[in-house]
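Trainee: I have a structure here, written as structure tokens, and I will follow up with some questions on it.
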Amino acid sequence: MECSRQHIPHSIISLLNGFKASKTLFTASKLKVFDVLNSSNSLTLEEVAGQINASVLGTERLLEAAVSLGLLEWVKQQNTSVYRNTEQASRFLVSDSPESLNGYILHCNDMVWPLFSHLENAVREGTSQHERAFGKKNEEVFQDAFYSKDEVKIRFMDAMHSIARVTGKDVATAFELSPYKTACDIGGCTGAMAYEFTKAHPGLSVIVFDLPQVIEMRRHFQPKETDDRVSFVAGDFFKDDLPKADLYILARILHDWSDEKLHVLLSKLSKMCTPGCGLLVSEIFLDEERKRPSRALLQALSMTEGKQRSPTEYSDVLEKHGFTPKHIKHTDNLLDAMLFVKEDPNDKRT
Ligand code: SAM
């Protein structure tokens, strides 16, 4: 008797296998499969195994799985078969390509994967699993978890850098910003987003404000053509004075923090802003029913104290500090954007 195919729960089966697919991508990236194929264009199985310093049997399994996921091609060439990067792999997976996601993939492998392996505990306890995953207490997520060692810090910065390079242009061009002359990118990390803003807006200068540990490492990530309209200031946005600007950029900052911490940061920003100042928030915005996109809700599972929010939730928090939402842009890239403007407190509507 033929089993009715329509009863196979395809979506559940693919979720069930999803972690194997992710780990295949992570492992191929970590072992530099895409890099070695990029330098030689195409290689036999034995050549790949030799170059990544791995067993032929294990490499064959990895490459075949990567072909099945559309990451590699396996083609006959003369009397032999060779592996090649797909067009997408050349563009997004080779570590030195301009749009490479490699930094973020390695962060997912080394940082997020261990946290997810303790998800049951995270759910039971409602706490971050850093101590279980990395054997270290995590009082303050950036200082204790991401920036405790140079090697981990560079990897985290590289992850932020790769996403900012892929999304930065869409965020920077989301709104008409010609009224603004000076911007401050709060938690601007390597400056990748700031350079996209100066490229898109010739009249704008951007100060990147981030923790001293990050600012001291910025030279590892500077673009070839430097831009003297981008400058860097070190400080803690909860404790120190913020640079004066007429536009503040908060890209992937607010989701990391509780409502209480947001109030600390936003009240400082509100004091810095005169009426008309802009505040540009770039995040993954949840829909108003908090159901999608699922990548935002999945990301929240390993977050320490933050939360994902909808545009209305962001507006509610910001309006308490005198910022009115003016425009929203769903970019169809990894991050969306909202532009808020500081209102004149004397200009109260009745
Ligand atoms: N805005 C960047 C982007 O979109 O690529 C980076 C986002 S990353 C999730 C958060 C950034 O905030 C990191 O660069 C981190 O160093 C910075 N940060 C965290 N806590 C901070 C603090 N107290 N003061 C200044 N910067 C901080």
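Residues in the structure tokens are numbered from 1 in each chain, the chains being A, B, ... in the order shown, and ligands are numbered from 1 in the order shown.
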Counting only C-alpha atoms and all ligand atoms, which protein, DNA or RNA residues come within 6 Å of ligand 1, given as a VMD selection string?
Mentor: chain A and resid 142 160 to 161 164 187 to 189 210 to 211 214 235 to 238 251 to 253
Trainee: Keeping N, CA, C and O atoms, export the residues of the selection given above as a JSON list (two decimals), in the first residue's frame.
Mentor:
```json
[["chain", "number", "residue", "atom", "x", "y", "z"],
["A", 142, "PHE", "N", 29.32, 42.31, 27.13],
["A", 142, "PHE", "CA", 30.42, 42.69, 26.24],
["A", 142, "PHE", "C", 31.77, 42.59, 26.95],
["A", 142, "PHE", "O", 32.70, 41.96, 26.46],
["A", 160, "MET", "N", 30.54, 41.35, 13.66],
["A", 160, "MET", "CA", 29.76, 42.58, 13.51],
["A", 160, "MET", "C", 30.10, 43.27, 12.20],
["A", 160, "MET", "O", 29.25, 43.77, 11.48],
["A", 161, "HIS", "N", 31.42, 43.26, 11.89],
["A", 161, "HIS", "CA", 31.92, 43.92, 10.69],
["A", 161, "HIS", "C", 31.29, 43.28, 9.43],
["A", 161, "HIS", "O", 30.86, 43.98, 8.52],
["A", 164, "ALA", "N", 27.65, 44.28, 9.14],
["A", 164, "ALA", "CA", 27.52, 45.71, 8.83],
["A", 164, "ALA", "C", 27.88, 45.99, 7.37],
["A", 164, "ALA", "O", 27.28, 46.84, 6.72],
["A", 187, "GLY", "N", 27.99, 52.71, 19.68],
["A", 187, "GLY", "CA", 28.31, 51.27, 19.59],
["A", 187, "GLY", "C", 28.62, 50.91, 18.15],
["A", 187, "GLY", "O", 28.24, 49.86, 17.65],
["A", 188, "GLY", "N", 29.35, 51.81, 17.49],
["A", 188, "GLY", "CA", 29.59, 51.67, 16.04],
["A", 188, "GLY", "C", 30.68, 50.68, 15.67],
["A", 188, "GLY", "O", 31.00, 50.49, 14.50],
["A", 189, "CYS", "N", 31.28, 50.04, 16.67],
["A", 189, "CYS", "CA", 32.22, 48.93, 16.49],
["A", 189, "CYS", "C", 33.37, 49.27, 15.54],
["A", 189, "CYS", "O", 34.10, 50.22, 15.79],
["A", 210, "ASP", "N", 32.54, 53.75, 20.80],
["A", 210, "ASP", "CA", 32.46, 52.36, 21.28],
["A", 210, "ASP", "C", 33.41, 52.21, 22.46],
["A", 210, "ASP", "O", 34.19, 53.12, 22.79],
["A", 211, "LEU", "N", 33.36, 51.05, 23.10],
["A", 211, "LEU", "CA", 34.21, 50.79, 24.27],
["A", 211, "LEU", "C", 35.69, 50.91, 23.89],
["A", 211, "LEU", "O", 36.07, 50.57, 22.75],
["A", 214, "VAL", "N", 37.40, 48.13, 22.01],
["A", 214, "VAL", "CA", 37.04, 47.98, 20.60],
["A", 214, "VAL", "C", 37.77, 49.02, 19.76],
["A", 214, "VAL", "O", 38.35, 48.71, 18.72],
["A", 235, "GLY", "N", 34.59, 55.18, 24.75],
["A", 235, "GLY", "CA", 33.84, 55.46, 25.98],
["A", 235, "GLY", "C", 32.76, 54.43, 26.22],
["A", 235, "GLY", "O", 32.52, 53.56, 25.37],
["A", 236, "ASP", "N", 32.14, 54.55, 27.38],
["A", 236, "ASP", "CA", 31.07, 53.63, 27.76],
["A", 236, "ASP", "C", 29.75, 54.40, 27.66],
["A", 236, "ASP", "O", 29.58, 55.43, 28.34],
["A", 237, "PHE", "N", 28.82, 53.91, 26.82],
["A", 237, "PHE", "CA", 27.62, 54.73, 26.60],
["A", 237, "PHE", "C", 26.67, 54.77, 27.80],
["A", 237, "PHE", "O", 25.73, 55.54, 27.82],
["A", 238, "PHE", "N", 26.91, 53.94, 28.81],
["A", 238, "PHE", "CA", 26.09, 54.05, 30.02],
["A", 238, "PHE", "C", 26.69, 55.02, 31.03],
["A", 238, "PHE", "O", 26.00, 55.53, 31.89],
["A", 251, "ALA", "N", 22.59, 51.14, 15.74],
["A", 251, "ALA", "CA", 22.40, 49.96, 14.89],
["A", 251, "ALA", "C", 22.73, 48.71, 15.69],
["A", 251, "ALA", "O", 23.86, 48.56, 16.18],
["A", 252, "ARG", "N", 21.76, 47.87, 15.86],
["A", 252, "ARG", "CA", 21.90, 46.62, 16.61],
["A", 252, "ARG", "C", 22.39, 46.86, 18.04],
["A", 252, "ARG", "O", 23.23, 46.15, 18.56],
["A", 253, "ILE", "N", 21.90, 47.93, 18.66],
["A", 253, "ILE", "CA", 22.28, 48.24, 20.04],
["A", 253, "ILE", "C", 21.10, 47.93, 20.98],
["A", 253, "ILE", "O", 21.25, 47.21, 21.95]]
```
Trainee: May I have a table of the residues of range 245-348 of chain A lying at most 12 Å from range 98-108 of chain A, giving each one's closest pair of atoms and their distance in Å to one decimal, counting only C-alpha atoms, ordered by chain and ascending residue number, as CSV?
Mentor:
```
residue,atom,partner,partner_atom,distance
A:Gln299,CA,A:Cys108,CA,10.5
A:Ser302,CA,A:Cys108,CA,11.0
A:Leu334,CA,A:Leu101,CA,12.0
```
Trainee: Per DSSP on the backbone, filter range 112-209 of chain A down to the residues in alpha helix (DSSP H) and report them as a PDB file with N, CA and C atoms, in the first residue's frame.
Mentor:
```pdb
ATOM      1  N   TRP A 113      26.781  28.504  18.861  1.00  0.00           N
ATOM      2  CA  TRP A 113      26.538  27.053  18.895  1.00  0.00           C
ATOM      3  C   TRP A 113      26.692  26.492  20.326  1.00  0.00           C
ATOM      4  N   PRO A 114      27.808  26.787  21.041  1.00  0.00           N
ATOM      5  CA  PRO A 114      27.911  26.274  22.414  1.00  0.00           C
ATOM      6  C   PRO A 114      26.769  26.762  23.313  1.00  0.00           C
ATOM      7  N   LEU A 115      26.316  28.012  23.107  1.00  0.00           N
ATOM      8  CA  LEU A 115      25.204  28.502  23.930  1.00  0.00           C
ATOM      9  C   LEU A 115      23.929  27.716  23.621  1.00  0.00           C
ATOM     10  N   PHE A 116      23.700  27.448  22.342  1.00  0.00           N
ATOM     11  CA  PHE A 116      22.497  26.702  21.955  1.00  0.00           C
ATOM     12  C   PHE A 116      22.536  25.254  22.449  1.00  0.00           C
ATOM     13  N   LEU A 119      20.524  25.088  25.548  1.00  0.00           N
ATOM     14  CA  LEU A 119      19.246  25.799  25.457  1.00  0.00           C
ATOM     15  C   LEU A 119      18.234  25.330  26.507  1.00  0.00           C
ATOM     16  N   GLU A 120      18.226  24.022  26.772  1.00  0.00           N
ATOM     17  CA  GLU A 120      17.277  23.517  27.774  1.00  0.00           C
ATOM     18  C   GLU A 120      17.466  24.232  29.107  1.00  0.00           C
ATOM     19  N   ASN A 121      18.749  24.365  29.505  1.00  0.00           N
ATOM     20  CA  ASN A 121      19.020  25.063  30.768  1.00  0.00           C
ATOM     21  C   ASN A 121      18.646  26.537  30.676  1.00  0.00           C
ATOM     22  N   ALA A 122      18.916  27.124  29.506  1.00  0.00           N
ATOM     23  CA  ALA A 122      18.597  28.556  29.341  1.00  0.00           C
ATOM     24  C   ALA A 122      17.097  28.768  29.533  1.00  0.00           C
ATOM     25  N   VAL A 123      16.315  27.845  29.003  1.00  0.00           N
ATOM     26  CA  VAL A 123      14.858  27.986  29.114  1.00  0.00           C
ATOM     27  C   VAL A 123      14.426  27.745  30.566  1.00  0.00           C
ATOM     28  N   ARG A 124      14.965  26.673  31.171  1.00  0.00           N
ATOM     29  CA  ARG A 124      14.566  26.361  32.561  1.00  0.00           C
ATOM     30  C   ARG A 124      14.918  27.508  33.500  1.00  0.00           C
ATOM     31  N   GLU A 125      16.130  28.059  33.312  1.00  0.00           N
ATOM     32  CA  GLU A 125      16.633  29.025  34.297  1.00  0.00           C
ATOM     33  C   GLU A 125      16.382  30.473  33.896  1.00  0.00           C
ATOM     34  N   HIS A 130      26.494  31.364  29.486  1.00  0.00           N
ATOM     35  CA  HIS A 130      27.927  31.568  29.248  1.00  0.00           C
ATOM     36  C   HIS A 130      28.791  30.734  30.177  1.00  0.00           C
ATOM     37  N   GLU A 131      28.387  30.677  31.437  1.00  0.00           N
ATOM     38  CA  GLU A 131      29.236  29.965  32.397  1.00  0.00           C
ATOM     39  C   GLU A 131      29.314  28.485  32.032  1.00  0.00           C
ATOM     40  N   ARG A 132      28.162  27.876  31.693  1.00  0.00           N
ATOM     41  CA  ARG A 132      28.181  26.456  31.307  1.00  0.00           C
ATOM     42  C   ARG A 132      28.953  26.244  30.012  1.00  0.00           C
ATOM     43  N   ALA A 133      28.732  27.139  29.051  1.00  0.00           N
ATOM     44  CA  ALA A 133      29.334  26.934  27.734  1.00  0.00           C
ATOM     45  C   ALA A 133      30.828  27.267  27.723  1.00  0.00           C
ATOM     46  N   PHE A 134      31.220  28.292  28.465  1.00  0.00           N
ATOM     47  CA  PHE A 134      32.609  28.768  28.357  1.00  0.00           C
ATOM     48  C   PHE A 134      33.357  28.758  29.696  1.00  0.00           C
ATOM     49  N   ASP A 150      41.704  38.972  23.600  1.00  0.00           N
ATOM     50  CA  ASP A 150      41.848  39.637  22.302  1.00  0.00           C
ATOM     51  C   ASP A 150      41.321  38.798  21.156  1.00  0.00           C
ATOM     52  N   GLU A 151      41.607  37.504  21.219  1.00  0.00           N
ATOM     53  CA  GLU A 151      41.230  36.610  20.120  1.00  0.00           C
ATOM     54  C   GLU A 151      39.692  36.546  19.974  1.00  0.00           C
ATOM     55  N   VAL A 152      39.008  36.483  21.126  1.00  0.00           N
ATOM     56  CA  VAL A 152      37.538  36.421  21.114  1.00  0.00           C
ATOM     57  C   VAL A 152      36.978  37.777  20.661  1.00  0.00           C
ATOM     58  N   LYS A 153      37.651  38.846  21.121  1.00  0.00           N
ATOM     59  CA  LYS A 153      37.194  40.192  20.757  1.00  0.00           C
ATOM     60  C   LYS A 153      37.281  40.407  19.243  1.00  0.00           C
ATOM     61  N   ILE A 154      38.410  40.024  18.654  1.00  0.00           N
ATOM     62  CA  ILE A 154      38.593  40.205  17.212  1.00  0.00           C
ATOM     63  C   ILE A 154      37.537  39.390  16.458  1.00  0.00           C
ATOM     64  N   ARG A 155      37.262  38.185  16.956  1.00  0.00           N
ATOM     65  CA  ARG A 155      36.265  37.344  16.276  1.00  0.00           C
ATOM     66  C   ARG A 155      34.883  37.989  16.357  1.00  0.00           C
ATOM     67  N   PHE A 156      34.546  38.549  17.535  1.00  0.00           N
ATOM     68  CA  PHE A 156      33.242  39.197  17.666  1.00  0.00           C
ATOM     69  C   PHE A 156      33.183  40.439  16.759  1.00  0.00           C
ATOM     70  N   MET A 157      34.263  41.228  16.765  1.00  0.00           N
ATOM     71  CA  MET A 157      34.274  42.432  15.925  1.00  0.00           C
ATOM     72  C   MET A 157      34.160  42.050  14.448  1.00  0.00           C
ATOM     73  N   ASP A 158      34.833  40.964  14.084  1.00  0.00           N
ATOM     74  CA  ASP A 158      34.779  40.500  12.694  1.00  0.00           C
ATOM     75  C   ASP A 158      33.343  40.105  12.315  1.00  0.00           C
ATOM     76  N   ALA A 159      32.632  39.481  13.287  1.00  0.00           N
ATOM     77  CA  ALA A 159      31.239  39.091  13.039  1.00  0.00           C
ATOM     78  C   ALA A 159      30.387  40.331  12.806  1.00  0.00           C
ATOM     79  N   MET A 160      30.545  41.353  13.664  1.00  0.00           N
ATOM     80  CA  MET A 160      29.755  42.585  13.513  1.00  0.00           C
ATOM     81  C   MET A 160      30.102  43.274  12.198  1.00  0.00           C
ATOM     82  N   HIS A 161      31.417  43.263  11.889  1.00  0.00           N
ATOM     83  CA  HIS A 161      31.921  43.918  10.686  1.00  0.00           C
ATOM     84  C   HIS A 161      31.291  43.284   9.432  1.00  0.00           C
ATOM     85  N   SER A 162      31.208  41.944   9.425  1.00  0.00           N
ATOM     86  CA  SER A 162      30.717  41.302   8.203  1.00  0.00           C
ATOM     87  C   SER A 162      29.232  41.597   7.996  1.00  0.00           C
ATOM     88  N   ILE A 163      28.446  41.607   9.061  1.00  0.00           N
ATOM     89  CA  ILE A 163      27.016  41.924   8.885  1.00  0.00           C
ATOM     90  C   ILE A 163      26.857  43.398   8.498  1.00  0.00           C
ATOM     91  N   ALA A 164      27.646  44.281   9.138  1.00  0.00           N
ATOM     92  CA  ALA A 164      27.521  45.714   8.830  1.00  0.00           C
ATOM     93  C   ALA A 164      27.883  45.994   7.366  1.00  0.00           C
ATOM     94  N   ARG A 165      28.871  45.259   6.839  1.00  0.00           N
ATOM     95  CA  ARG A 165      29.234  45.506   5.428  1.00  0.00           C
ATOM     96  C   ARG A 165      28.132  45.051   4.481  1.00  0.00           C
ATOM     97  N   VAL A 166      27.431  43.977   4.862  1.00  0.00           N
ATOM     98  CA  VAL A 166      26.380  43.462   3.981  1.00  0.00           C
ATOM     99  C   VAL A 166      25.102  44.312   4.079  1.00  0.00           C
ATOM    100  N   THR A 167      24.823  44.858   5.285  1.00  0.00           N
ATOM    101  CA  THR A 167      23.555  45.582   5.465  1.00  0.00           C
ATOM    102  C   THR A 167      23.727  47.099   5.430  1.00  0.00           C
ATOM    103  N   GLY A 168      24.983  47.568   5.645  1.00  0.00           N
ATOM    104  CA  GLY A 168      25.231  48.992   5.889  1.00  0.00           C
ATOM    105  C   GLY A 168      24.668  49.916   4.826  1.00  0.00           C
ATOM    106  N   LYS A 169      24.837  49.538   3.571  1.00  0.00           N
ATOM    107  CA  LYS A 169      24.393  50.444   2.498  1.00  0.00           C
ATOM    108  C   LYS A 169      22.870  50.630   2.544  1.00  0.00           C
ATOM    109  N   ASP A 170      22.137  49.536   2.773  1.00  0.00           N
ATOM    110  CA  ASP A 170      20.671  49.641   2.812  1.00  0.00           C
ATOM    111  C   ASP A 170      20.197  50.467   4.012  1.00  0.00           C
ATOM    112  N   VAL A 171      20.917  50.350   5.123  1.00  0.00           N
ATOM    113  CA  VAL A 171      20.533  51.145   6.303  1.00  0.00           C
ATOM    114  C   VAL A 171      20.881  52.621   6.043  1.00  0.00           C
ATOM    115  N   ALA A 172      22.081  52.848   5.496  1.00  0.00           N
ATOM    116  CA  ALA A 172      22.547  54.229   5.290  1.00  0.00           C
ATOM    117  C   ALA A 172      21.685  54.985   4.281  1.00  0.00           C
ATOM    118  N   ALA A 192      32.336  50.024  10.157  1.00  0.00           N
ATOM    119  CA  ALA A 192      31.859  49.582   8.833  1.00  0.00           C
ATOM    120  C   ALA A 192      30.561  50.295   8.436  1.00  0.00           C
ATOM    121  N   MET A 193      29.663  50.470   9.409  1.00  0.00           N
ATOM    122  CA  MET A 193      28.391  51.151   9.127  1.00  0.00           C
ATOM    123  C   MET A 193      28.644  52.640   8.870  1.00  0.00           C
ATOM    124  N   ALA A 194      29.538  53.234   9.676  1.00  0.00           N
ATOM    125  CA  ALA A 194      29.840  54.665   9.540  1.00  0.00           C
ATOM    126  C   ALA A 194      30.366  54.982   8.137  1.00  0.00           C
ATOM    127  N   TYR A 195      31.246  54.114   7.609  1.00  0.00           N
ATOM    128  CA  TYR A 195      31.783  54.368   6.262  1.00  0.00           C
ATOM    129  C   TYR A 195      30.669  54.306   5.221  1.00  0.00           C
ATOM    130  N   GLU A 196      29.668  53.445   5.439  1.00  0.00           N
ATOM    131  CA  GLU A 196      28.538  53.402   4.490  1.00  0.00           C
ATOM    132  C   GLU A 196      27.740  54.705   4.560  1.00  0.00           C
ATOM    133  N   PHE A 197      27.604  55.271   5.764  1.00  0.00           N
ATOM    134  CA  PHE A 197      26.867  56.537   5.896  1.00  0.00           C
ATOM    135  C   PHE A 197      27.610  57.677   5.205  1.00  0.00           C
ATOM    136  N   THR A 198      28.941  57.741   5.350  1.00  0.00           N
ATOM    137  CA  THR A 198      29.648  58.858   4.707  1.00  0.00           C
ATOM    138  C   THR A 198      29.655  58.673   3.188  1.00  0.00           C
ATOM    139  N   LYS A 199      29.710  57.405   2.737  1.00  0.00           N
ATOM    140  CA  LYS A 199      29.651  57.156   1.282  1.00  0.00           C
ATOM    141  C   LYS A 199      28.318  57.626   0.714  1.00  0.00           C
ATOM    142  N   ALA A 200      27.241  57.346   1.472  1.00  0.00           N
ATOM    143  CA  ALA A 200      25.900  57.657   0.959  1.00  0.00           C
ATOM    144  C   ALA A 200      25.539  59.132   1.116  1.00  0.00           C
TER     145      ALA A 200
END
```
Trainee: Quick one: residues within 8 Å of Phe340 in chain A, only C-alpha atoms, excluding same-chain residues fewer than 3 positions away - as a PyMOL selection string?
Mentor: chain A and resi 278-281+323-327
Trainee: Produce a file of the selected residues containing N, CA and C atoms, as a short mmCIF file (atom, residue, chain, number, x, y, z; two decimals), in the first residue's frame.
Mentor:
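This went into again_10.cif:
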```cif
data_model
loop_
_atom_site.label_atom_id
_atom_site.label_comp_id
_atom_site.auth_asym_id
_atom_site.auth_seq_id
_atom_site.Cartn_x
_atom_site.Cartn_y
_atom_site.Cartn_z
N GLY A 278 18.05 63.95 15.06
CA GLY A 278 17.52 62.66 14.60
C GLY A 278 18.09 61.50 15.40
N LEU A 279 17.34 60.42 15.44
CA LEU A 279 17.84 59.19 16.05
C LEU A 279 17.42 58.04 15.13
N LEU A 280 18.42 57.38 14.57
CA LEU A 280 18.13 56.32 13.60
C LEU A 280 18.36 54.95 14.27
N VAL A 281 17.29 54.18 14.38
CA VAL A 281 17.38 52.85 15.01
C VAL A 281 17.37 51.80 13.91
N PHE A 323 11.38 61.36 21.65
CA PHE A 323 11.67 61.07 20.24
C PHE A 323 10.40 60.55 19.55
N THR A 324 10.04 61.21 18.45
CA THR A 324 8.81 60.84 17.73
C THR A 324 9.17 60.05 16.48
N PRO A 325 8.50 58.92 16.24
CA PRO A 325 8.81 58.17 15.01
C PRO A 325 8.34 58.93 13.77
N LYS A 326 9.22 59.06 12.76
CA LYS A 326 8.86 59.81 11.54
C LYS A 326 8.77 58.88 10.34
N HIS A 327 9.74 57.98 10.20
CA HIS A 327 9.74 57.10 9.02
C HIS A 327 10.21 55.72 9.42
#
```
Trainee: With only C-alpha atoms as the atoms that count, which of A:Met272, A:Met217, A:Leu339, A:Val82 lies nearest to Ile249 in chain A?
Mentor: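 Of all the options, A:Leu339 lies closest to Ile249 in chain A.
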Trainee: Any idea what's packed within 8 Å of Ala174 in chain A, counting only C-alpha atoms, ignoring anything in its chain fewer than 6 positions away? Could you give it as a list in words?
Mentor: Lys329, Thr331 and Ala337 of chain A
Trainee: Go through A:Ser310, A:Ser148, A:Thr44, A:Asn53 and flag the residue nearest Asn79 in chain A, using only C-alpha atoms for the distances.
Mentor: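 Of A:Ser310, A:Ser148, A:Thr44, A:Asn53, the one nearest Asn79 in chain A is A:Thr44, counting only C-alpha atoms.
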Trainee: May I have all residues of range 3-216 of chain A that DSSP, computed from the backbone, assigns to strand (DSSP E or B), given as a list in words?
Mentor: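 Everything in range 3-216 of chain A that counts as strand (DSSP E or B) is Ser42, Leu43, Leu72, Glu73, Trp74, Val75, Lys76, Gln77, Thr80, Ser81, Val82, Tyr83, Arg84, Asn85, Thr182, Ala183, Cys184, Asp185, Ile186, Ser205, Val206, Ile207, Val208, Phe209 and Asp210 of chain A.
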Trainee: Between CA of Pro212 in chain A and CA of Val230 in chain A, what is the distance in Å, rounded to a tenth?
Mentor: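 Pair CA of Pro212 in chain A / CA of Val230 in chain A returns 16.7 Å.
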